[in-house]
Amino acid sequence: MIEVIKPGLETSVQDYPGRIGFWAQGFPPSGPMDNWSFRLANLLVGNSTDAAGLECQLVGPTLKFQAATVVAICGADMKPTLDGMPVRMWESIAVDADQTLALGFATLGARAYIAVSGGIDTPRLLGSRSTFNKAGVGGMEGHALKAGQDIPVGIRKGTVGRKVKPEARPTFATDKVWVVEVVRGPNDDWIDEAGHQRFLSSDWKLSSKSDRTGFRLEGPRWTFTSKATNKAPEHGSEPSNIIDQGYPVGAINLAGQTPIILVNDGPSMGGFVNPYTVPSAAFWKLGQAKPGEILRFRSVSVEDAQELRRRIDGICGESSIN
Amino acid sequence: MIYSEAKFLPAGDRFVLIEFGDEMNLELNFMAQGLARAIAEQKTKGVVETAPCFASLLVHYDPDLISFKELQAEIAALIRALGPSDDIVLDSRLFYLPTMYCDPWTRACVEDYCNKITKKETDPELIARVNGLVDVDQLVRLHSGTEYWVAALGFWPGLPFMMALDPRCVLTAPKYNPPRTWTPEGTIGLGGASSSIYPVATPGGYQIFARTPVPIWDLGKRFPVFHDSIVLFRAGDRIKFVPIDKEEFEFIEAQVKEGTYVYNVVEYQKFSARNYKAWVSSLDRSKRF
């Protein structure tokens with residue numbers, strides 16, 4: 001068991017790839033937003049990449065371990081300490097019984113991942129331990145961690161001192177600007193050429209009104225084709241309205257004039273167009289961008305996006321550890 | 001319109017949206033559900049899951065197992081093999097759902113919206129007016145006088161998007177602008193030509209006029225009907241709203257609390273697009289209930 005002394009801003013149990021196969025019932029996948037860092041953390045402590053760990057958002061938790069184990073922290077730098085002494089990230093470390101691991105404010109990146117040998121052992125719901133906070137599904141009693149809770153942990157012997165090779169780690173933006181890949185579609189023909197140009201050439205500020213359901217973006221106005229402005233009334237009154245349709249995870253969903261990237265806990269359908277989709281290989285960047293930072297979008301083909309995904313999947317393996 | 005050929009719209013590296021047309025037409029949903037079933041039966045390589053909506057089917061695939069082009073070719077062949085939508089026959093359960101129309105809880109919710117956000121005409125009266133109905137009683141007759149078709153689930157776990165099967169009972173309504181910040185759990189609403197039930201208290205944009213005491217999702221699986229799935233409905237089910245008064249609402253609410261409520265579900269029927277269309281064409285749509 002691990003006792004939650006301080007829960008942090010929003011620390012939740014997640015597993016990869018999450019709750020898959022229930023999109024038609026309206027259940028989002030959930031899971032870690034930066035699954036690159038998450039998977040590496042699991043490998044460091046000897047878990048398989050689908051074991052459950054903790055996602056810490058912007059401000060990390062303080063945790064007291066009731067039994068000795070091996071832990072690894074990857075992702076955002078939250079200056080982790082063990083009984084007050086700094087500990088290394090991207091490396092498996094020993095934690096003794098009654099020691100306290102504390103993570104602070106994220107100084108670089110937004111989300112840190114804590115993996116524990118044996119994995120977090122909360123009950124599975126629909127095949128996954130991932131937390132869908134908004135609906136009270138999965139994780140610790142359906143929600144982010146609360147002070148005083150005891151987190152159950154599985155049993156496995158980890159090895160101390162395993163490190164992620166430097167070249168296998170994701171590189172976080174130090175200038176607060178993230179270049180995020182996007183694939184055109186499904187509803188790209190609702191936006192006119194000037195609108196596409198503007199989307200791809202502008203800086204988009206990540207709004208503070210963002211969470212694991214959606215990342216709201218602030219930027220220039222959108223302009224539309226006649227498909228959006230001259231359509232049957234059943235689509236709705238706004239140019240960005242469309243007859244309710246299924247949303248892909250990663251959709252850049254245009255609610256009126258506000259684009260919202262639908263991320264891991266996002267809705268499965270609705271009545272707005274999605275002119276672009278962020279592919280899975282770029283999700284780690286979304287997971288590590290802080291509110292107020294800038295996103296710039298780079299259009300790639302479906303095939304390029306799939307190749308990027310394969311490259312990251314290739315990195316998230318034993319060959320990246322030494 | 002209904003497209004002569006379905007459109008394959010890429011949606012990132014692992015989704016494709018297959019669009020059959022761009023109007024609110026049950027036929028398009030039959031095509032989406034028919035294709036979803038065909039993909040499940042054929043176990044199309046690389047398909048992780050599908051999600052039908054009103055006029056389209058979202059397909060989630062594993063790009064390590066199948067390329068976008070290969071998937072498109074596989075699914076296009078399945079669509080051709082499906083033939084005309086008339087031939088589609090779907091398993092369809094029928095749920096009788098006790099419903100209190102013009103209930104005090106949705107009234108209070110609308111009142112709260114008027115006080116805190118913006119003044120608006122009360123929802124049942126607005127729906128009656130925009131649909132040219134005699135009064136709110138006729139709204140109740142029409143809404144409870146047809147079976148509703150579950151076209152899709154989504155937006156929230158278990159939330160059904162439904163369309164009236166009897167064309168004489170079709171109602172439409174504008175959506176809230178701005179949306180409500182809360183809606184009572186079990187509220188029944190109407191937006192565009194789609195009706196819905198709010199599984200939990202959430203924000204919302206549909207006009208609201210009724211409430212059911214019966215849970216439509218159950219994380220704790222307290223009722224046998226949730227044995228196989230924690231959400232009550234699936235696409236292709238039908239729902240019949242049965243008007244009840246406040247006394248019966250409270251009686252059922254107490255049964256739900258105790259865990260003794262018995263869901264009223266009919267499970268032996270199939271839905272034939274051909275039979276349905278033949279019936280619809282025999283109706284005099286000018287005569288409303």
# chains A, B, ... in the order shown; residues from 1 in each chain; ligands from 1

call {"tool": "interface_residues", "arguments": {"of": "chain B", "to": "chain A", "cutoff": "7 Å", "atoms": "only C-alpha atoms", "output": "MDAnalysis selection string"}}
result
chainID B and resid 9:13 15 17 24 48:54 56 58 63 153:158 192

call {"tool": "select_by_dssp", "arguments": {"residues": "stretch 38-283 of chain B", "states": "strand (DSSP E or B)", "output": "number ranges by chain"}}
result
B: 47-52, 56-61, 89-91, 94-101, 147-153, 160-164, 173, 180, 187-192, 194-197, 204, 207-211, 217, 231, 238-243, 264-266, 270-272

call {"tool": "residues_around", "arguments": {"residues": "A:Phe199", "least_positions_apart": "5", "cutoff": "10 Å", "atoms": "only C-alpha atoms", "output": "ChimeraX atom specification"}}
result
/A:191,193-194,204,219-222,276,296-298

call {"tool": "residues_around", "arguments": {"residues": "A:Lys146", "least_positions_apart": "5", "cutoff": "10 Å", "atoms": "only C-alpha atoms", "output": "NGL selection string"}}
result
:A and (3-12 or 61 or 140-141)

call {"tool": "write_last_selection", "arguments": {"atoms": "N, CA and C atoms", "output": "PDB file, in the first residue's frame"}}
result
ATOM      1  N   GLU A   3       0.371   5.300   1.033  1.00  0.00           N
ATOM      2  CA  GLU A   3      -0.552   6.233   1.663  1.00  0.00           C
ATOM      3  C   GLU A   3      -0.437   7.616   1.002  1.00  0.00           C
ATOM      4  N   VAL A   4      -1.573   8.190   0.686  1.00  0.00           N
ATOM      5  CA  VAL A   4      -1.579   9.526   0.081  1.00  0.00           C
ATOM      6  C   VAL A   4      -1.523  10.556   1.206  1.00  0.00           C
ATOM      7  N   ILE A   5      -0.382  11.252   1.313  1.00  0.00           N
ATOM      8  CA  ILE A   5      -0.257  12.319   2.317  1.00  0.00           C
ATOM      9  C   ILE A   5      -0.840  13.603   1.726  1.00  0.00           C
ATOM     10  N   LYS A   6      -0.336  13.982   0.542  1.00  0.00           N
ATOM     11  CA  LYS A   6      -0.915  15.124  -0.179  1.00  0.00           C
ATOM     12  C   LYS A   6      -1.226  14.638  -1.598  1.00  0.00           C
ATOM     13  N   PRO A   7      -2.417  14.903  -2.118  1.00  0.00           N
ATOM     14  CA  PRO A   7      -2.791  14.306  -3.405  1.00  0.00           C
ATOM     15  C   PRO A   7      -2.189  15.005  -4.634  1.00  0.00           C
ATOM     16  N   GLY A   8      -1.663  16.229  -4.453  1.00  0.00           N
ATOM     17  CA  GLY A   8      -1.253  16.985  -5.637  1.00  0.00           C
ATOM     18  C   GLY A   8      -2.471  17.579  -6.315  1.00  0.00           C
ATOM     19  N   LEU A   9      -2.265  18.239  -7.452  1.00  0.00           N
ATOM     20  CA  LEU A   9      -3.360  18.963  -8.107  1.00  0.00           C
ATOM     21  C   LEU A   9      -4.415  18.012  -8.668  1.00  0.00           C
ATOM     22  N   GLU A  10      -3.976  17.050  -9.451  1.00  0.00           N
ATOM     23  CA  GLU A  10      -4.906  16.024  -9.951  1.00  0.00           C
ATOM     24  C   GLU A  10      -4.076  14.800 -10.307  1.00  0.00           C
ATOM     25  N   THR A  11      -3.866  13.943  -9.318  1.00  0.00           N
ATOM     26  CA  THR A  11      -3.065  12.735  -9.518  1.00  0.00           C
ATOM     27  C   THR A  11      -4.029  11.575  -9.688  1.00  0.00           C
ATOM     28  N   SER A  12      -3.873  10.841 -10.779  1.00  0.00           N
ATOM     29  CA  SER A  12      -4.846   9.779 -11.041  1.00  0.00           C
ATOM     30  C   SER A  12      -4.155   8.490 -11.457  1.00  0.00           C
ATOM     31  N   PRO A  61       2.117  14.679  -6.044  1.00  0.00           N
ATOM     32  CA  PRO A  61       1.650  14.260  -4.722  1.00  0.00           C
ATOM     33  C   PRO A  61       2.793  14.026  -3.744  1.00  0.00           C
ATOM     34  N   MET A 140      -8.921   5.167  -8.264  1.00  0.00           N
ATOM     35  CA  MET A 140      -9.236   5.093  -6.826  1.00  0.00           C
ATOM     36  C   MET A 140     -10.644   5.664  -6.616  1.00  0.00           C
ATOM     37  N   GLU A 141     -11.609   4.799  -6.435  1.00  0.00           N
ATOM     38  CA  GLU A 141     -13.007   5.204  -6.192  1.00  0.00           C
ATOM     39  C   GLU A 141     -13.508   6.173  -7.257  1.00  0.00           C
TER      40      GLU A 141
END

call {"tool": "residues_around", "arguments": {"residues": "A:Thr258", "least_positions_apart": "5", "cutoff": "8 Å", "atoms": "only C-alpha atoms", "output": "PDB file with N, CA and C atoms, in the first residue's frame"}}
result
ATOM      1  N   ARG A 216      -8.568  23.555 -24.658  1.00  0.00           N
ATOM      2  CA  ARG A 216      -9.111  24.707 -25.385  1.00  0.00           C
ATOM      3  C   ARG A 216      -7.957  25.568 -25.892  1.00  0.00           C
ATOM      4  N   LEU A 217      -8.117  26.066 -27.116  1.00  0.00           N
ATOM      5  CA  LEU A 217      -7.064  26.853 -27.740  1.00  0.00           C
ATOM      6  C   LEU A 217      -7.559  28.262 -28.010  1.00  0.00           C
ATOM      7  N   GLU A 218      -6.661  29.240 -27.798  1.00  0.00           N
ATOM      8  CA  GLU A 218      -6.994  30.626 -28.089  1.00  0.00           C
ATOM      9  C   GLU A 218      -6.172  31.082 -29.269  1.00  0.00           C
TER      10      GLU A 218
END
